[in-house]
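Working notes, beginning with the structure itself.
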Amino acid sequence: MRVLVTGGAGYIGSAVTRGLAAAGHEVVVLDNLITGHRAAVPVGVPFALVDTRNTSEMCRTMQTYRIEAVVHLAAISQVGTSVREPRLYFDNNVRGALSLLDAMLDAGVGKIVFSSTAAVYGDPDQCPIVESAATRPKSPYGDTKLFIEAVLARYGEAYGLAHTSLRYFNAAGALADAGEDHRPETHLIPLVLQAVLGTAPPITVFGEDYPTHDGTCVRDYVHVADLARAHVLALDALSTGGRVYNLGCGGGFTVREVLASAGRVTGRTVPVVFGARRDGDAAELIASSTLIGQDLGWKPAHPALDDIVASAWEWAQTHPNGYPD
Ligand code: UDP
């Protein structure tokens, strides 16, 4: 299939681009490069420098490349920032997605895989979280993703749009040639490894008074290569019925456990300080990924935390300054 990957120059998007290309799809990457990196797009993959809010340019790009399906990852994605700057999030993530959907309808593109998030659940009543659990986002970021899921459901009914939303838990790890390079970096694992390398200050643990077994937040870390494979499977199975799948490994690790893993993997001391809670953080987010396993046969190939951290450590050491651009 000819597939447009929006946000394909970003961390997850660049892994998805590689996964789709390896599965035989013809991939075109579209990105505004505000947070993405041109160098993250593999050589030979056509690249369009377009903002998703520019509907006519989006439509033109789809027509030029005779796109048949879209994987939409272009978004801004920091829970904490979204609480302080909600307008940025509604503009980028909601206006951007509505514009993309307009362009798809105008260009006659009827298939989309949408990048959603565990943040739609807020503080869940129960872990592991199943897809039918209540959705009560605690942050504007979660609001934006949940709203677009609802839009997709309506567009499926009204316009026959085939759609699947993938609710990522904590994307982590790296491929040999594609890893995490956010500027500024806010995610736990890369920051921990930068602290180990001495290129970032000691890691601040955000809160040690959560109702978890060691007081720090629990997250379900899923290797970015496993996320990428889920997109390939979701694309192949798209239907107008619309589906929503969680993507996690089904196990949770506290921040302290991540620090311990980083210590084991690097063989070095992790410099740590303890700080206040971060706005918008849920205490515990663990996925049930049973549904996507049953429907699409997805199963994480790299569920072990140390393997995930080791791949991120490899990337951190080989790319201490991230991408060259
Ligand atoms: N975290 C932390 N210090 C940091 C960054 C993150 O303690 O400098 C914690 C954060 O509170 C959360 C977990 O690590 O419990 C994962 O955060 P991250 O930002 O990587 O992903 P998120 O869960 O927000 O998607």
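Letters for chains follow the order of the structure tokens (A, B, ...), residue numbers begin at 1 for each chain, and ligand numbers begin at 1 in the order shown.
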
Which of range 27-174 of chain A counts as alpha helix (DSSP H) under DSSP, as a short mmCIF file (atom, residue, chain, number, x, y, z; two decimals) with all heavy atoms, in the first residue's frame please?
data_model
loop_
_atom_site.label_atom_id
_atom_site.label_comp_id
_atom_site.auth_asym_id
_atom_site.auth_seq_id
_atom_site.Cartn_x
_atom_site.Cartn_y
_atom_site.Cartn_z
N THR A 55 -4.43 22.22 5.24
CA THR A 55 -5.27 21.20 4.59
C THR A 55 -4.95 21.05 3.10
O THR A 55 -4.85 19.93 2.59
CB THR A 55 -6.76 21.54 4.76
OG1 THR A 55 -6.99 21.94 6.12
CG2 THR A 55 -7.65 20.37 4.43
N SER A 56 -4.80 22.18 2.41
CA SER A 56 -4.62 22.08 0.96
C SER A 56 -3.28 21.43 0.61
O SER A 56 -3.20 20.61 -0.31
CB SER A 56 -4.76 23.46 0.30
OG SER A 56 -3.84 24.35 0.87
N GLU A 57 -2.23 21.75 1.38
CA GLU A 57 -0.93 21.11 1.13
C GLU A 57 -0.97 19.62 1.45
O GLU A 57 -0.34 18.80 0.79
CB GLU A 57 0.17 21.77 1.98
CG GLU A 57 0.87 22.93 1.31
CD GLU A 57 1.49 22.55 -0.02
OE1 GLU A 57 2.30 21.61 -0.06
OE2 GLU A 57 1.14 23.18 -1.04
N MET A 58 -1.72 19.29 2.50
CA MET A 58 -1.87 17.88 2.86
C MET A 58 -2.55 17.13 1.72
O MET A 58 -2.12 16.04 1.33
CB MET A 58 -2.77 17.74 4.10
CG MET A 58 -2.24 18.34 5.37
SD MET A 58 -1.00 17.34 6.13
CE MET A 58 -1.89 15.86 6.34
N CYS A 59 -3.61 17.74 1.20
CA CYS A 59 -4.39 17.11 0.13
C CYS A 59 -3.50 16.93 -1.11
O CYS A 59 -3.48 15.86 -1.73
CB CYS A 59 -5.61 17.97 -0.16
SG CYS A 59 -6.72 17.22 -1.34
N ARG A 60 -2.75 18.00 -1.42
CA ARG A 60 -1.85 17.93 -2.59
C ARG A 60 -0.82 16.81 -2.42
O ARG A 60 -0.54 16.07 -3.36
CB ARG A 60 -1.14 19.28 -2.76
CG ARG A 60 -1.17 19.78 -4.22
CD ARG A 60 -0.32 21.01 -4.47
NE ARG A 60 -0.30 22.01 -3.42
CZ ARG A 60 -1.21 22.96 -3.26
NH1 ARG A 60 -2.25 23.03 -4.10
NH2 ARG A 60 -1.11 23.85 -2.30
N THR A 61 -0.29 16.69 -1.24
CA THR A 61 0.72 15.64 -1.00
C THR A 61 0.10 14.26 -1.21
O THR A 61 0.70 13.38 -1.84
CB THR A 61 1.27 15.76 0.45
OG1 THR A 61 1.75 17.08 0.64
CG2 THR A 61 2.39 14.76 0.70
N MET A 62 -1.11 14.08 -0.69
CA MET A 62 -1.77 12.77 -0.86
C MET A 62 -2.02 12.46 -2.32
O MET A 62 -1.86 11.32 -2.77
CB MET A 62 -3.09 12.75 -0.08
CG MET A 62 -2.88 12.77 1.43
SD MET A 62 -4.46 12.76 2.30
CE MET A 62 -3.97 13.50 3.84
N GLN A 63 -2.41 13.51 -3.08
CA GLN A 63 -2.68 13.29 -4.51
C GLN A 63 -1.39 13.02 -5.27
O GLN A 63 -1.32 12.12 -6.11
CB GLN A 63 -3.41 14.51 -5.09
CG GLN A 63 -4.86 14.58 -4.62
CD GLN A 63 -5.50 15.92 -4.87
OE1 GLN A 63 -4.84 16.94 -5.01
NE2 GLN A 63 -6.84 15.92 -4.96
N THR A 64 -0.36 13.79 -4.95
CA THR A 64 0.93 13.63 -5.65
C THR A 64 1.45 12.20 -5.53
O THR A 64 1.90 11.60 -6.50
CB THR A 64 1.98 14.60 -5.06
OG1 THR A 64 1.48 15.91 -5.21
CG2 THR A 64 3.33 14.47 -5.75
N VAL A 79 2.53 15.28 28.46
CA VAL A 79 1.42 15.43 29.40
C VAL A 79 1.57 16.72 30.22
O VAL A 79 0.64 17.53 30.29
CB VAL A 79 1.37 14.20 30.33
CG1 VAL A 79 0.44 14.43 31.50
CG2 VAL A 79 0.94 12.97 29.55
N GLY A 80 2.73 16.92 30.81
CA GLY A 80 2.93 18.06 31.71
C GLY A 80 2.79 19.39 30.99
O GLY A 80 2.10 20.31 31.47
N THR A 81 3.40 19.51 29.81
CA THR A 81 3.32 20.76 29.05
C THR A 81 1.88 21.05 28.64
O THR A 81 1.44 22.19 28.60
CB THR A 81 4.20 20.68 27.79
OG1 THR A 81 5.46 20.17 28.16
CG2 THR A 81 4.38 22.03 27.14
N SER A 82 1.16 19.99 28.34
CA SER A 82 -0.22 20.20 27.88
C SER A 82 -1.09 20.81 28.96
O SER A 82 -2.04 21.54 28.68
CB SER A 82 -0.82 18.89 27.36
OG SER A 82 -1.29 18.07 28.41
N VAL A 83 -0.75 20.53 30.21
CA VAL A 83 -1.53 21.11 31.32
C VAL A 83 -1.27 22.62 31.39
O VAL A 83 -2.19 23.41 31.62
CB VAL A 83 -1.14 20.42 32.66
CG1 VAL A 83 -1.84 21.08 33.84
CG2 VAL A 83 -1.48 18.93 32.61
N ARG A 84 -0.03 23.01 31.13
CA ARG A 84 0.32 24.44 31.20
C ARG A 84 -0.03 25.20 29.93
O ARG A 84 -0.31 26.39 29.96
CB ARG A 84 1.83 24.58 31.47
CG ARG A 84 2.25 24.12 32.86
CD ARG A 84 3.69 24.47 33.14
NE ARG A 84 4.62 23.81 32.23
CZ ARG A 84 5.05 22.56 32.35
NH1 ARG A 84 4.61 21.81 33.36
NH2 ARG A 84 5.90 22.04 31.50
N PRO A 86 -2.50 24.39 27.17
CA PRO A 86 -3.49 23.58 26.46
C PRO A 86 -3.77 24.07 25.04
O PRO A 86 -4.06 23.28 24.15
CB PRO A 86 -4.73 23.67 27.34
CG PRO A 86 -4.49 24.80 28.28
CD PRO A 86 -3.02 24.93 28.43
N ARG A 87 -3.65 25.38 24.82
CA ARG A 87 -4.01 25.86 23.47
C ARG A 87 -3.10 25.26 22.41
O ARG A 87 -3.54 24.96 21.30
CB ARG A 87 -4.01 27.39 23.40
CG ARG A 87 -2.65 28.03 23.62
CD ARG A 87 -2.77 29.52 23.83
NE ARG A 87 -3.06 30.22 22.58
CZ ARG A 87 -3.08 31.55 22.50
NH1 ARG A 87 -2.87 32.30 23.59
NH2 ARG A 87 -3.32 32.14 21.37
N LEU A 88 -1.83 25.07 22.75
CA LEU A 88 -0.90 24.45 21.79
C LEU A 88 -1.38 23.05 21.43
O LEU A 88 -1.28 22.62 20.28
CB LEU A 88 0.50 24.32 22.40
CG LEU A 88 1.30 25.56 22.66
CD1 LEU A 88 2.66 25.19 23.22
CD2 LEU A 88 1.45 26.34 21.35
N TYR A 89 -1.88 22.35 22.44
CA TYR A 89 -2.27 20.96 22.23
C TYR A 89 -3.55 20.84 21.42
O TYR A 89 -3.66 20.01 20.53
CB TYR A 89 -2.35 20.23 23.59
CG TYR A 89 -0.95 19.82 23.99
CD1 TYR A 89 -0.04 20.78 24.41
CD2 TYR A 89 -0.50 18.53 23.82
CE1 TYR A 89 1.28 20.44 24.68
CE2 TYR A 89 0.81 18.18 24.08
CZ TYR A 89 1.69 19.14 24.51
OH TYR A 89 3.00 18.79 24.74
N GLY A 96 -5.02 20.02 13.86
CA GLY A 96 -4.18 19.29 12.90
C GLY A 96 -4.85 18.02 12.40
O GLY A 96 -4.85 17.73 11.20
N ALA A 97 -5.46 17.26 13.30
CA ALA A 97 -6.09 16.00 12.89
C ALA A 97 -7.35 16.26 12.07
O ALA A 97 -7.62 15.55 11.09
CB ALA A 97 -6.42 15.16 14.12
N LEU A 98 -8.12 17.30 12.44
CA LEU A 98 -9.33 17.60 11.66
C LEU A 98 -8.94 18.04 10.25
O LEU A 98 -9.60 17.67 9.26
CB LEU A 98 -10.15 18.69 12.35
CG LEU A 98 -10.79 18.29 13.67
CD1 LEU A 98 -11.50 19.48 14.32
CD2 LEU A 98 -11.79 17.14 13.48
N SER A 99 -7.87 18.80 10.16
CA SER A 99 -7.39 19.24 8.86
C SER A 99 -6.92 18.05 8.03
O SER A 99 -7.22 17.94 6.83
CB SER A 99 -6.24 20.24 9.08
OG SER A 99 -5.48 20.39 7.93
N LEU A 100 -6.21 17.14 8.67
CA LEU A 100 -5.75 15.93 7.98
C LEU A 100 -6.95 15.14 7.46
O LEU A 100 -6.96 14.67 6.32
CB LEU A 100 -4.95 15.06 8.95
CG LEU A 100 -4.72 13.62 8.49
CD1 LEU A 100 -3.57 13.55 7.51
CD2 LEU A 100 -4.47 12.70 9.65
N LEU A 101 -7.98 15.01 8.29
CA LEU A 101 -9.16 14.23 7.88
C LEU A 101 -9.88 14.92 6.72
O LEU A 101 -10.37 14.26 5.80
CB LEU A 101 -10.10 14.01 9.07
CG LEU A 101 -9.54 13.06 10.13
CD1 LEU A 101 -10.37 13.11 11.41
CD2 LEU A 101 -9.49 11.62 9.59
N ASP A 102 -9.93 16.26 6.75
CA ASP A 102 -10.50 16.98 5.61
C ASP A 102 -9.72 16.67 4.34
O ASP A 102 -10.30 16.40 3.28
CB ASP A 102 -10.44 18.51 5.85
CG ASP A 102 -11.60 18.99 6.71
OD1 ASP A 102 -12.63 18.27 6.78
OD2 ASP A 102 -11.49 20.08 7.29
N ALA A 103 -8.40 16.72 4.46
CA ALA A 103 -7.55 16.46 3.30
C ALA A 103 -7.77 15.03 2.79
O ALA A 103 -7.84 14.79 1.58
CB ALA A 103 -6.08 16.67 3.67
N MET A 104 -7.91 14.08 3.71
CA MET A 104 -8.14 12.69 3.30
C MET A 104 -9.46 12.57 2.55
O MET A 104 -9.54 11.91 1.51
CB MET A 104 -8.16 11.77 4.53
CG MET A 104 -6.79 11.58 5.16
SD MET A 104 -6.87 10.55 6.66
CE MET A 104 -7.34 8.96 5.97
N LEU A 105 -10.51 13.21 3.09
CA LEU A 105 -11.81 13.12 2.43
C LEU A 105 -11.74 13.79 1.05
O LEU A 105 -12.26 13.26 0.07
CB LEU A 105 -12.89 13.78 3.29
CG LEU A 105 -13.20 13.07 4.61
CD1 LEU A 105 -14.21 13.88 5.45
CD2 LEU A 105 -13.74 11.66 4.39
N ASP A 106 -11.05 14.94 0.98
CA ASP A 106 -10.93 15.64 -0.31
C ASP A 106 -10.14 14.81 -1.31
O ASP A 106 -10.44 14.82 -2.51
CB ASP A 106 -10.23 17.00 -0.11
CG ASP A 106 -11.10 17.98 0.67
OD1 ASP A 106 -12.30 17.70 0.85
OD2 ASP A 106 -10.56 19.02 1.11
N ALA A 107 -9.11 14.12 -0.82
CA ALA A 107 -8.24 13.36 -1.72
C ALA A 107 -8.73 11.92 -1.95
O ALA A 107 -8.12 11.17 -2.70
CB ALA A 107 -6.81 13.33 -1.15
N PRO A 140 -4.88 17.89 29.04
CA PRO A 140 -5.33 18.30 27.70
C PRO A 140 -4.78 17.38 26.61
O PRO A 140 -5.46 17.11 25.62
CB PRO A 140 -4.76 19.71 27.56
CG PRO A 140 -4.69 20.21 28.97
CD PRO A 140 -4.31 19.00 29.80
N TYR A 141 -3.57 16.87 26.79
CA TYR A 141 -3.02 15.94 25.80
C TYR A 141 -3.97 14.74 25.63
O TYR A 141 -4.35 14.37 24.51
CB TYR A 141 -1.63 15.47 26.23
CG TYR A 141 -1.10 14.34 25.41
CD1 TYR A 141 -0.91 14.49 24.04
CD2 TYR A 141 -0.81 13.09 25.99
CE1 TYR A 141 -0.44 13.44 23.26
CE2 TYR A 141 -0.34 12.05 25.22
CZ TYR A 141 -0.15 12.22 23.87
OH TYR A 141 0.29 11.18 23.11
N GLY A 142 -4.36 14.14 26.76
CA GLY A 142 -5.30 13.01 26.70
C GLY A 142 -6.63 13.41 26.08
O GLY A 142 -7.22 12.65 25.30
N ASP A 143 -7.10 14.62 26.41
CA ASP A 143 -8.36 15.11 25.82
C ASP A 143 -8.27 15.13 24.30
O ASP A 143 -9.22 14.75 23.61
CB ASP A 143 -8.63 16.57 26.26
CG ASP A 143 -9.02 16.69 27.72
OD1 ASP A 143 -9.53 15.73 28.30
OD2 ASP A 143 -8.81 17.81 28.27
N THR A 144 -7.15 15.64 23.79
CA THR A 144 -7.05 15.80 22.33
C THR A 144 -7.12 14.44 21.63
O THR A 144 -7.78 14.30 20.60
CB THR A 144 -5.74 16.52 21.91
OG1 THR A 144 -4.59 15.71 22.22
CG2 THR A 144 -5.61 17.89 22.55
N LYS A 145 -6.46 13.46 22.20
CA LYS A 145 -6.42 12.14 21.55
C LYS A 145 -7.79 11.46 21.64
O LYS A 145 -8.26 10.85 20.68
CB LYS A 145 -5.34 11.28 22.21
CG LYS A 145 -3.93 11.78 21.96
CD LYS A 145 -3.55 11.60 20.50
CE LYS A 145 -2.13 12.01 20.21
NZ LYS A 145 -1.72 11.73 18.82
N LEU A 146 -8.43 11.59 22.79
CA LEU A 146 -9.75 10.96 22.96
C LEU A 146 -10.77 11.60 22.02
O LEU A 146 -11.61 10.91 21.43
CB LEU A 146 -10.20 11.09 24.42
CG LEU A 146 -11.46 10.34 24.78
CD1 LEU A 146 -11.32 8.84 24.53
CD2 LEU A 146 -11.82 10.59 26.26
N PHE A 147 -10.67 12.91 21.87
CA PHE A 147 -11.62 13.60 20.98
C PHE A 147 -11.45 13.09 19.54
O PHE A 147 -12.44 12.81 18.85
CB PHE A 147 -11.42 15.12 21.05
CG PHE A 147 -12.34 15.85 20.14
CD1 PHE A 147 -13.70 15.94 20.41
CD2 PHE A 147 -11.86 16.44 18.97
CE1 PHE A 147 -14.56 16.59 19.54
CE2 PHE A 147 -12.71 17.10 18.10
CZ PHE A 147 -14.07 17.17 18.38
N ILE A 148 -10.21 12.96 19.10
CA ILE A 148 -10.01 12.51 17.71
C ILE A 148 -10.46 11.06 17.53
O ILE A 148 -11.00 10.70 16.49
CB ILE A 148 -8.55 12.75 17.25
CG1 ILE A 148 -8.25 14.25 17.26
CG2 ILE A 148 -8.29 12.15 15.87
CD1 ILE A 148 -9.18 15.12 16.40
N GLU A 149 -10.30 10.24 18.55
CA GLU A 149 -10.86 8.88 18.47
C GLU A 149 -12.37 8.96 18.20
O GLU A 149 -12.91 8.20 17.39
CB GLU A 149 -10.63 8.10 19.77
CG GLU A 149 -9.21 7.63 19.98
CD GLU A 149 -9.12 6.69 21.18
OE1 GLU A 149 -10.17 6.25 21.70
OE2 GLU A 149 -7.98 6.38 21.58
N ALA A 150 -13.04 9.87 18.91
CA ALA A 150 -14.49 10.01 18.73
C ALA A 150 -14.81 10.52 17.33
O ALA A 150 -15.77 10.07 16.69
CB ALA A 150 -15.06 10.96 19.79
N VAL A 151 -14.02 11.44 16.84
CA VAL A 151 -14.22 11.96 15.48
C VAL A 151 -14.09 10.81 14.47
O VAL A 151 -14.91 10.66 13.55
CB VAL A 151 -13.19 13.07 15.16
CG1 VAL A 151 -13.23 13.46 13.69
CG2 VAL A 151 -13.42 14.29 16.05
N LEU A 152 -13.09 9.97 14.66
CA LEU A 152 -12.88 8.85 13.73
C LEU A 152 -14.09 7.92 13.72
O LEU A 152 -14.51 7.44 12.66
CB LEU A 152 -11.62 8.08 14.11
CG LEU A 152 -10.29 8.82 13.89
CD1 LEU A 152 -9.12 7.96 14.35
CD2 LEU A 152 -10.11 9.20 12.41
N ALA A 153 -14.63 7.67 14.91
CA ALA A 153 -15.81 6.79 14.97
C ALA A 153 -16.96 7.39 14.16
O ALA A 153 -17.63 6.69 13.39
CB ALA A 153 -16.22 6.58 16.43
N ARG A 154 -17.16 8.69 14.31
CA ARG A 154 -18.25 9.36 13.57
C ARG A 154 -17.97 9.39 12.08
O ARG A 154 -18.88 9.21 11.25
CB ARG A 154 -18.44 10.79 14.09
CG ARG A 154 -18.89 10.87 15.54
CD ARG A 154 -20.23 10.22 15.73
NE ARG A 154 -20.75 10.51 17.07
CZ ARG A 154 -21.79 9.88 17.60
NH1 ARG A 154 -22.41 8.93 16.93
NH2 ARG A 154 -22.21 10.21 18.80
N TYR A 155 -16.71 9.63 11.71
CA TYR A 155 -16.36 9.68 10.28
C TYR A 155 -16.46 8.28 9.66
O TYR A 155 -16.78 8.13 8.49
CB TYR A 155 -14.96 10.25 10.07
CG TYR A 155 -14.86 11.76 10.15
CD1 TYR A 155 -15.72 12.52 10.94
CD2 TYR A 155 -13.88 12.45 9.45
CE1 TYR A 155 -15.61 13.89 11.03
CE2 TYR A 155 -13.75 13.84 9.52
CZ TYR A 155 -14.62 14.55 10.33
OH TYR A 155 -14.49 15.91 10.40
N GLY A 156 -16.21 7.27 10.48
CA GLY A 156 -16.38 5.90 9.99
C GLY A 156 -17.83 5.65 9.63
O GLY A 156 -18.15 5.13 8.55
N GLU A 157 -18.71 6.05 10.56
CA GLU A 157 -20.15 5.84 10.33
C GLU A 157 -20.64 6.67 9.15
O GLU A 157 -21.39 6.20 8.29
CB GLU A 157 -20.95 6.27 11.57
CG GLU A 157 -20.80 5.34 12.78
CD GLU A 157 -21.14 6.05 14.10
OE1 GLU A 157 -21.72 7.17 14.06
OE2 GLU A 157 -20.82 5.49 15.15
N ALA A 158 -20.23 7.93 9.10
CA ALA A 158 -20.80 8.85 8.11
C ALA A 158 -20.14 8.73 6.75
O ALA A 158 -20.81 8.81 5.71
CB ALA A 158 -20.69 10.29 8.62
N TYR A 159 -18.81 8.57 6.73
CA TYR A 159 -18.08 8.63 5.45
C TYR A 159 -17.42 7.31 5.07
O TYR A 159 -16.71 7.24 4.07
CB TYR A 159 -16.98 9.71 5.52
CG TYR A 159 -17.47 11.06 5.98
CD1 TYR A 159 -16.88 11.70 7.07
CD2 TYR A 159 -18.51 11.71 5.32
CE1 TYR A 159 -17.32 12.95 7.49
CE2 TYR A 159 -18.96 12.95 5.73
CZ TYR A 159 -18.37 13.57 6.83
OH TYR A 159 -18.80 14.79 7.25
#

Report task. Please extract the residues at most 9 Å from ligand 1, counting only C-alpha atoms and all ligand atoms, and provide them as a ChimeraX atom specification, using the chain letters and residue numbers of this document. Result -> /A:77-80,117-119,168-172,185-192,202-208,216-221,254-256,258,274-275,277-285

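When CA of Thr318 in chain A is paired with CA of Pro271 in chain A, their separation reads 20.8 Å.
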
Please, which residues of range 167-234 of chain A, numbered as in this document, come out strand (DSSP E or B) from DSSP, as a compact mmCIF listing (two decimals) with all heavy atoms, in the first residue's frame?
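states.txt was written with the following content:
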# COMPACT_ATOMS: atom_id res chain seq x y z
N ARG A 167 -3.71 2.90 21.26
CA ARG A 167 -3.42 3.63 22.51
C ARG A 167 -2.09 3.15 23.06
O ARG A 167 -2.02 2.10 23.72
CB ARG A 167 -4.54 3.40 23.53
CG ARG A 167 -5.86 4.03 23.10
CD ARG A 167 -6.98 3.72 24.07
NE ARG A 167 -8.21 4.42 23.70
CZ ARG A 167 -9.40 4.17 24.20
NH1 ARG A 167 -9.54 3.23 25.14
NH2 ARG A 167 -10.46 4.86 23.81
N TYR A 168 -1.05 3.94 22.80
CA TYR A 168 0.28 3.56 23.26
C TYR A 168 0.39 3.77 24.75
O TYR A 168 -0.03 4.80 25.28
CB TYR A 168 1.38 4.42 22.66
CG TYR A 168 1.38 4.67 21.19
CD1 TYR A 168 1.89 5.86 20.69
CD2 TYR A 168 0.91 3.73 20.28
CE1 TYR A 168 1.93 6.12 19.34
CE2 TYR A 168 0.94 3.98 18.92
CZ TYR A 168 1.45 5.17 18.46
OH TYR A 168 1.49 5.44 17.13
N ASN A 170 3.88 3.34 27.36
CA ASN A 170 5.11 4.14 27.30
C ASN A 170 6.09 3.61 26.27
O ASN A 170 6.80 2.63 26.51
CB ASN A 170 5.75 4.19 28.68
CG ASN A 170 4.99 5.14 29.58
OD1 ASN A 170 3.83 4.89 29.91
ND2 ASN A 170 5.62 6.24 29.94
N ALA A 171 6.11 4.28 25.13
CA ALA A 171 7.06 3.91 24.07
C ALA A 171 8.47 4.10 24.61
O ALA A 171 8.78 5.13 25.23
CB ALA A 171 6.84 4.79 22.86
N ALA A 172 9.33 3.13 24.35
CA ALA A 172 10.69 3.22 24.88
C ALA A 172 11.62 2.38 24.03
O ALA A 172 11.18 1.63 23.15
CB ALA A 172 10.72 2.74 26.34
N LEU A 175 15.76 1.57 17.87
CA LEU A 175 16.29 0.71 16.82
C LEU A 175 17.76 1.10 16.68
O LEU A 175 18.20 2.12 17.22
CB LEU A 175 15.56 0.97 15.50
CG LEU A 175 14.02 0.97 15.53
CD1 LEU A 175 13.48 1.18 14.12
CD2 LEU A 175 13.51 -0.33 16.12
N ALA A 178 17.49 4.47 14.76
CA ALA A 178 16.42 5.43 15.06
C ALA A 178 16.10 5.36 16.55
O ALA A 178 15.75 4.28 17.06
CB ALA A 178 15.16 5.12 14.25
N ILE A 203 18.75 12.66 37.41
CA ILE A 203 17.32 12.50 37.11
C ILE A 203 16.50 12.89 38.34
O ILE A 203 16.84 12.51 39.47
CB ILE A 203 17.02 11.05 36.67
CG1 ILE A 203 15.57 10.92 36.20
CG2 ILE A 203 17.33 10.03 37.76
CD1 ILE A 203 15.32 11.49 34.85
N THR A 204 15.45 13.67 38.12
CA THR A 204 14.53 14.00 39.21
C THR A 204 13.36 13.03 39.16
O THR A 204 12.69 12.92 38.13
CB THR A 204 13.98 15.44 39.05
OG1 THR A 204 15.08 16.34 39.03
CG2 THR A 204 13.04 15.81 40.20
N VAL A 205 13.14 12.33 40.24
CA VAL A 205 11.98 11.43 40.32
C VAL A 205 10.78 12.29 40.71
O VAL A 205 10.79 12.94 41.77
CB VAL A 205 12.22 10.31 41.35
CG1 VAL A 205 10.97 9.46 41.53
CG2 VAL A 205 13.41 9.45 40.94
N PHE A 206 9.76 12.27 39.87
CA PHE A 206 8.60 13.12 40.10
C PHE A 206 7.61 12.46 41.06
O PHE A 206 6.66 11.81 40.63
CB PHE A 206 7.89 13.44 38.77
CG PHE A 206 8.71 14.28 37.83
CD1 PHE A 206 8.66 14.04 36.46
CD2 PHE A 206 9.52 15.30 38.28
CE1 PHE A 206 9.39 14.82 35.57
CE2 PHE A 206 10.27 16.08 37.41
CZ PHE A 206 10.21 15.85 36.04
N VAL A 218 3.95 3.92 38.26
CA VAL A 218 4.10 2.68 37.49
C VAL A 218 3.69 2.94 36.04
O VAL A 218 2.63 3.51 35.78
CB VAL A 218 3.22 1.56 38.08
CG1 VAL A 218 3.24 0.32 37.19
CG2 VAL A 218 3.67 1.21 39.49
N ARG A 219 4.55 2.52 35.11
CA ARG A 219 4.25 2.64 33.69
C ARG A 219 4.54 1.32 32.99
O ARG A 219 5.37 0.53 33.43
CB ARG A 219 5.10 3.74 33.04
CG ARG A 219 4.78 5.15 33.51
CD ARG A 219 3.43 5.62 32.99
NE ARG A 219 3.09 6.97 33.41
CZ ARG A 219 2.50 7.27 34.57
NH1 ARG A 219 2.21 6.32 35.45
NH2 ARG A 219 2.22 8.52 34.86
N TYR A 221 6.18 -0.05 29.86
CA TYR A 221 7.11 0.35 28.80
C TYR A 221 7.07 -0.66 27.67
O TYR A 221 7.14 -1.86 27.90
CB TYR A 221 8.53 0.48 29.38
CG TYR A 221 8.59 1.60 30.41
CD1 TYR A 221 8.33 1.36 31.76
CD2 TYR A 221 8.82 2.92 30.02
CE1 TYR A 221 8.33 2.39 32.69
CE2 TYR A 221 8.82 3.96 30.95
CZ TYR A 221 8.58 3.67 32.28
OH TYR A 221 8.56 4.70 33.20
N VAL A 222 6.91 -0.15 26.46
CA VAL A 222 6.79 -1.03 25.30
C VAL A 222 7.82 -0.60 24.26
O VAL A 222 7.99 0.59 23.99
CB VAL A 222 5.34 -1.05 24.76
CG1 VAL A 222 4.80 0.33 24.49
CG2 VAL A 222 5.20 -1.91 23.51
N HIS A 223 8.54 -1.59 23.74
CA HIS A 223 9.63 -1.29 22.80
C HIS A 223 9.07 -0.68 21.51
O HIS A 223 8.07 -1.14 20.97
CB HIS A 223 10.40 -2.58 22.47
CG HIS A 223 11.74 -2.33 21.88
ND1 HIS A 223 11.92 -1.78 20.63
CD2 HIS A 223 12.99 -2.52 22.38
CE1 HIS A 223 13.22 -1.65 20.39
NE2 HIS A 223 13.88 -2.09 21.45

Query raised in the report: Which residue, A:Ser239, A:Asn321, A:Thr269, A:Asn246, has the smallest gap to Glu131 in chain A when you use only C-alpha atoms?
Result: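 Smallest distance to Glu131 in chain A is found for A:Asn246.
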
Query raised in the report: So which residues touch range 228-230 of chain A within 7 Å, counting only C-alpha atoms, skipping near sequence neighbours fewer than 4 positions away, as a list of chain:residue names?
Result: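 What passes the distance filter is A:Ala15, A:Val16, A:Gly19, A:Val224, A:Ala234, A:Trp298.
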
Query raised in the report: Which one of A:Val50, A:Ala162, A:Val265, A:Ala40 sits closest to Ala304 in chain A if you count only C-alpha atoms?
Result: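 Counting only C-alpha atoms, the residue closest to Ala304 in chain A is A:Val265.
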
Query - Exercise: Val27 in chain A partners within 8 Å, only C-alpha atoms, chain neighbours under 4 positions left out, as an NGL selection string - result: :A and (2-5 or 17 or 20-21 or 45-46)

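We find CA of Thr164 in chain A and CA of Pro42 in chain A to be spaced 25.2 Å apart.
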
Requested in this report: Can you work out which one of A:Pro128, A:Gly242, A:Pro211, A:Gly248 has the shortest atom-to-atom distance to Lys299 in chain A, counting only C-alpha atoms?
Outcome: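 Ranked by minimum distance to Lys299 in chain A, first place goes to A:Gly248.
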
Requested in this report: Measuring atom to atom with only C-alpha atoms, identify which of A:Ser311, A:Thr52, A:Ser165, A:Asn32 is nearest to Ala225 in chain A.
Outcome: A:Ser311

Query raised in the report: Taking only C-alpha atoms into account, which of A:Arg53, A:His302, A:Arg18, A:Arg38 comes nearest Asp226 in chain A?
Result: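 Of the candidates, the smallest distance to Asp226 in chain A is held by A:His302.
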
Report task. For CA of Gly198 in chain A and CA of Pro320 in chain A, determine how far apart the two atoms are, in Å to one decimal place. Result ->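 Atom-to-atom, CA of Gly198 in chain A and CA of Pro320 in chain A are spaced 10.3 Å apart.
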